[in-house]
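Here is the structure we will look at, set down as structure tokens.
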Amino acid sequence: MLVDRANIHVRSGKGGNGHVGYRREKYVPKGGPNGGDGGNGGSVVLIATNGVDTLLDLAGRHHWHAGNGVPGGPKQRHGANGEDLHVQVPPGTLVHDAVTDDLLADLDEPDKRLVAARGGRGGFGNEHFKSATNQTPDYATDGEPAEERELRLELKLIADVGLVGLPNAGKSTMLAAVSAARPKTADYPFTTLEPHLGIAELPARLAGSPRRLVIADIPGLIEGAHQGHGLGTSFLRHIERTRLLVHLVDFDPAEGSDPVENYRVIRNELSRYSRELAAKPQIVALSKMDLLPSDEDRREAAALIAGAIGEDVTPVSAATGFGVAPLLERCWTAVRGEG
């Protein structure tokens, strides 16, 4: 299950207090100060980590606290530092201050990190304050207090290509056809209830390395989605980072709706949600073309839709593989800039 939101409370460790102490040994009746410094408190550090795909672990645990620094001791003993707490999050996690709503960090690359709560510095023992004019200081300082804050975490998946379209347009079937991802597919709307990622492998060119595209499939959009209708807007942020949209249009919807009007509904919803998202490059793919008997019929259907919407259209069938390879090559060219 993809959990893409979490609210957590983080608190660093308090710095250990400095110690007031004096050297007391036989034959040394007036030894000087030897109180040690306190240890530093541990910090809470968020780290984008490959292999972590969801915020599930964080959603199930609200409090994340680092260790306190240990107070200083006699005989110049320095208190131990508190242990840092490393919190692993998926790459693509946005970290907001839950109180001010400020964006603190976009952990959009593996190993990127944010010190969410910095540990307090340890206090100084009285040995730190001795001087020629004050040889027996009788005071030390307290460690700095802990930092704590409420954080709101939001995951945006990182993918090259985002699949969009109405429910039951064939997005999940397409993802399963081009990758090892296995989202649920069925002949009814809203089969997909959460985003899925898949990696499409394209043939290497000459002696080059294999070519890969990361593709995101999100739940289908419906009219009024920008107002919260349906499921789609809950997940649209997952395709905001993509470089390319593939808009799948069912050429023969089961409910008898008009494919051209369906295309316009999705374009309108993208524009109402985010102008930046709607402005992304897109490829229109006319899906389920295996229902037509011949290649000539498929080309005619694609030409008809292309003329109505004013866009080039690629006819495809994820079920039979028809047109899938040319579609991936178009995606590669659009994303990587390589013809």
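Going through the structure tokens in order, the chains are called A, B, and so on, while each chain numbers its residues from 1 and the ligands are numbered from 1 in the order shown.
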- request: Once DSSP has gone over the backbone, tell me which residues of segment 59-91 of chain A are in strand (DSSP E), as a ChimeraX atom specification.
  value: /A:63-65,85-89
message: Using only C-alpha atoms, which protein or nucleic acid residues come within 12 Å of segment 15-24 of chain A? Drop anything in the same chain fewer than 5 positions from it, and give the result as a PyMOL selection string.
response: chain A and resi 29-43+66-83+118-130+135-147
- request: Could you tell me, as a ChimeraX atom specification, which residues of segment 78-266 of chain A DSSP assigns to helix (DSSP H, G or I) when given the backbone?
  value: /A:126-129,171-178,225-227,232-234,236-239,259-266
message: Would you pick out the contacts of Leu291 of chain A at 12 Å or less, using only C-alpha atoms, so that residues sharing its chain but fewer than 2 positions from it are not included, and give the list as a VMD selection string?
response: chain A and resid 250 to 254 286 to 289 293 to 295 297 to 298 301 315 to 320 322
Dump as a compact mmCIF listing (two decimals), in the first residue's frame, selection limited to N, CA, C and O atoms:
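And here's out-v3.txt as it stands now:
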# COMPACT_ATOMS: atom_id res chain seq x y z
N ASP A 250 -9.46 6.08 -24.63
CA ASP A 250 -10.16 4.88 -25.07
C ASP A 250 -10.97 5.23 -26.32
O ASP A 250 -11.86 6.08 -26.26
N PHE A 251 -10.65 4.58 -27.45
CA PHE A 251 -11.32 4.98 -28.70
C PHE A 251 -12.78 4.51 -28.72
O PHE A 251 -13.61 5.06 -29.47
N ASP A 252 -13.13 3.52 -27.91
CA ASP A 252 -14.50 2.99 -27.92
C ASP A 252 -14.93 2.71 -26.47
O ASP A 252 -15.01 1.56 -26.04
N PRO A 253 -15.22 3.77 -25.69
CA PRO A 253 -15.56 3.58 -24.27
C PRO A 253 -16.79 2.71 -24.10
O PRO A 253 -17.76 2.79 -24.87
N ALA A 254 -16.77 1.87 -23.07
CA ALA A 254 -17.87 0.93 -22.84
C ALA A 254 -19.19 1.64 -22.56
O ALA A 254 -20.26 1.13 -22.90
N LEU A 286 -4.11 6.43 -28.47
CA LEU A 286 -5.46 5.91 -28.63
C LEU A 286 -5.42 4.42 -28.28
O LEU A 286 -4.80 3.62 -28.98
N SER A 287 -6.06 4.06 -27.15
CA SER A 287 -5.87 2.72 -26.59
C SER A 287 -6.95 1.74 -27.05
O SER A 287 -7.97 2.12 -27.64
N LYS A 288 -6.67 0.46 -26.75
CA LYS A 288 -7.59 -0.67 -27.03
C LYS A 288 -7.86 -0.82 -28.53
O LYS A 288 -8.95 -1.21 -28.95
N MET A 289 -6.85 -0.56 -29.34
CA MET A 289 -7.01 -0.64 -30.79
C MET A 289 -7.09 -2.07 -31.30
O MET A 289 -7.37 -2.30 -32.49
N PRO A 293 -10.42 -4.53 -36.47
CA PRO A 293 -9.95 -5.74 -37.15
C PRO A 293 -8.68 -5.58 -37.97
O PRO A 293 -7.97 -6.56 -38.20
N SER A 294 -8.36 -4.37 -38.46
CA SER A 294 -7.23 -4.25 -39.37
C SER A 294 -6.40 -3.01 -39.04
O SER A 294 -6.88 -2.07 -38.41
N ASP A 295 -5.15 -3.02 -39.53
CA ASP A 295 -4.28 -1.87 -39.34
C ASP A 295 -4.86 -0.64 -40.02
O ASP A 295 -4.72 0.49 -39.52
N ASP A 297 -8.01 0.13 -40.38
CA ASP A 297 -9.05 0.68 -39.52
C ASP A 297 -8.45 1.45 -38.34
O ASP A 297 -8.96 2.49 -37.93
N ARG A 298 -7.35 0.94 -37.82
CA ARG A 298 -6.71 1.60 -36.69
C ARG A 298 -6.13 2.95 -37.10
O ARG A 298 -6.25 3.94 -36.38
N ALA A 301 -8.98 5.41 -37.52
CA ALA A 301 -9.50 5.87 -36.22
C ALA A 301 -8.57 6.89 -35.59
O ALA A 301 -9.01 7.92 -35.06
N PRO A 315 -1.74 5.12 -32.18
CA PRO A 315 -2.65 4.01 -31.87
C PRO A 315 -1.90 2.87 -31.18
O PRO A 315 -0.82 2.48 -31.60
N VAL A 316 -2.49 2.35 -30.10
CA VAL A 316 -1.81 1.30 -29.34
C VAL A 316 -2.82 0.28 -28.84
O VAL A 316 -4.01 0.56 -28.72
N SER A 317 -2.30 -0.90 -28.54
CA SER A 317 -3.06 -1.92 -27.82
C SER A 317 -2.12 -2.58 -26.83
O SER A 317 -1.19 -3.29 -27.22
N ALA A 318 -2.33 -2.32 -25.55
CA ALA A 318 -1.49 -2.95 -24.53
C ALA A 318 -1.74 -4.46 -24.48
O ALA A 318 -0.85 -5.23 -24.14
N ALA A 319 -2.94 -4.88 -24.83
CA ALA A 319 -3.29 -6.30 -24.77
C ALA A 319 -2.50 -7.12 -25.78
O ALA A 319 -2.09 -8.24 -25.50
N THR A 320 -2.32 -6.59 -27.01
CA THR A 320 -1.63 -7.34 -28.06
C THR A 320 -0.22 -6.84 -28.31
O THR A 320 0.57 -7.50 -29.01
N PHE A 322 0.37 -4.07 -29.95
CA PHE A 322 0.34 -3.22 -31.14
C PHE A 322 0.66 -1.77 -30.77
O PHE A 322 0.02 -1.18 -29.91
Within 9 Å of Val115 of chain A using only C-alpha atoms, minus same-chain residues under 6 positions, as a PyMOL selection string: chain A and resi 43-47
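The neighbours of Arg5 of chain A here are the residues that come within 10 Å of it, using only C-alpha atoms and leaving out any residue fewer than 3 positions away in the same chain; they are Leu2, Thr54, Leu55, Leu56, Leu58, Ala59, Thr93, Leu94, Arg152, Leu153, Glu154, Leu155 and Lys156 of chain A.
Distance check against Asn168 of chain A using only C-alpha atoms: of A:Ala308, A:Ile218, A:Leu114, A:Val28, the minimum falls on A:Ile218.
As for atom CA of Asp53 of chain A and atom CA of Asp106 of chain A, they are spaced 15.6 Å apart.
Here the question is which of A:Asp84, A:Asp4, A:Asp108, A:Asp160 gets nearest to Ala334 of chain A using only C-alpha atoms, and that residue is A:Asp160.
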Mind dumping a table of every segment 99-184 of chain A residue within 12 Å of segment 260-272 of chain A, with the nearest atom pair and its distance in Å to one decimal, using only C-alpha atoms, sorted by chain and rising number, as a tab-separated table?
residue	atom	partner	partner_atom	distance
A:Leu163	CA	A:Ile266	CA	11.6
A:Val164	CA	A:Ile266	CA	7.9
A:Gly165	CA	A:Ile266	CA	6.4
A:Leu166	CA	A:Ile266	CA	7.0
A:Pro167	CA	A:Asn262	CA	10.5
A:Asn168	CA	A:Asn262	CA	11.8
A:Ala169	CA	A:Asn262	CA	10.0
Print the selection's residues with all heavy atoms to a file, as a short mmCIF file (atom, residue, chain, number, x, y, z; two decimals), in the first residue's frame.
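Writing done, so here's part34.cif:
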data_model
loop_
_atom_site.label_atom_id
_atom_site.label_comp_id
_atom_site.auth_asym_id
_atom_site.auth_seq_id
_atom_site.Cartn_x
_atom_site.Cartn_y
_atom_site.Cartn_z
N LEU A 163 1.20 8.53 -16.78
CA LEU A 163 0.03 8.11 -17.55
C LEU A 163 -1.22 8.79 -16.99
O LEU A 163 -1.49 8.72 -15.79
CB LEU A 163 -0.15 6.59 -17.48
CG LEU A 163 1.03 5.72 -17.96
CD1 LEU A 163 0.69 4.25 -17.80
CD2 LEU A 163 1.39 6.03 -19.39
N VAL A 164 -1.98 9.45 -17.86
CA VAL A 164 -3.22 10.10 -17.43
C VAL A 164 -4.35 9.66 -18.36
O VAL A 164 -4.13 9.21 -19.47
CB VAL A 164 -3.11 11.64 -17.44
CG1 VAL A 164 -2.06 12.12 -16.45
CG2 VAL A 164 -2.80 12.17 -18.84
N GLY A 165 -5.56 9.81 -17.87
CA GLY A 165 -6.74 9.45 -18.66
C GLY A 165 -7.92 9.20 -17.75
O GLY A 165 -7.80 9.22 -16.52
N LEU A 166 -9.05 9.00 -18.35
CA LEU A 166 -10.25 8.66 -17.58
C LEU A 166 -10.11 7.27 -16.96
O LEU A 166 -9.27 6.46 -17.40
CB LEU A 166 -11.48 8.68 -18.50
CG LEU A 166 -11.99 10.05 -18.96
CD1 LEU A 166 -13.11 9.85 -19.98
CD2 LEU A 166 -12.49 10.87 -17.78
N PRO A 167 -10.93 6.97 -15.94
CA PRO A 167 -10.94 5.59 -15.43
C PRO A 167 -11.24 4.60 -16.55
O PRO A 167 -12.04 4.86 -17.44
CB PRO A 167 -12.07 5.63 -14.39
CG PRO A 167 -12.16 7.06 -13.97
CD PRO A 167 -11.83 7.86 -15.20
N ASN A 168 -10.57 3.47 -16.50
CA ASN A 168 -10.80 2.38 -17.46
C ASN A 168 -10.31 2.72 -18.87
O ASN A 168 -10.77 2.12 -19.84
CB ASN A 168 -12.27 1.98 -17.51
CG ASN A 168 -12.45 0.49 -17.79
OD1 ASN A 168 -11.60 -0.31 -17.44
ND2 ASN A 168 -13.55 0.14 -18.43
N ALA A 169 -9.35 3.68 -18.97
CA ALA A 169 -8.80 4.01 -20.29
C ALA A 169 -7.67 3.07 -20.69
O ALA A 169 -7.17 3.15 -21.81
CB ALA A 169 -8.30 5.46 -20.29
#
task: Name the residues in contact with Ile283 of chain A at a cut-off of 12 Å, using only C-alpha atoms, excluding same-chain residues fewer than 5 positions from it; report them as a PyMOL selection string.
output: chain A and resi 161-165+243-249+263+306+311-316+326-335
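Distances to Arg113 of chain A were evaluated for A:Ala48, A:Glu148, A:Ala200, A:His62 using only C-alpha atoms, and the minimum falls at A:Ala48.
The shortest atom-to-atom distance to Ser12 of chain A, with only C-alpha atoms taken into account, belongs to A:His63 out of A:His63, A:Ser179, A:Pro90, A:Ile309.
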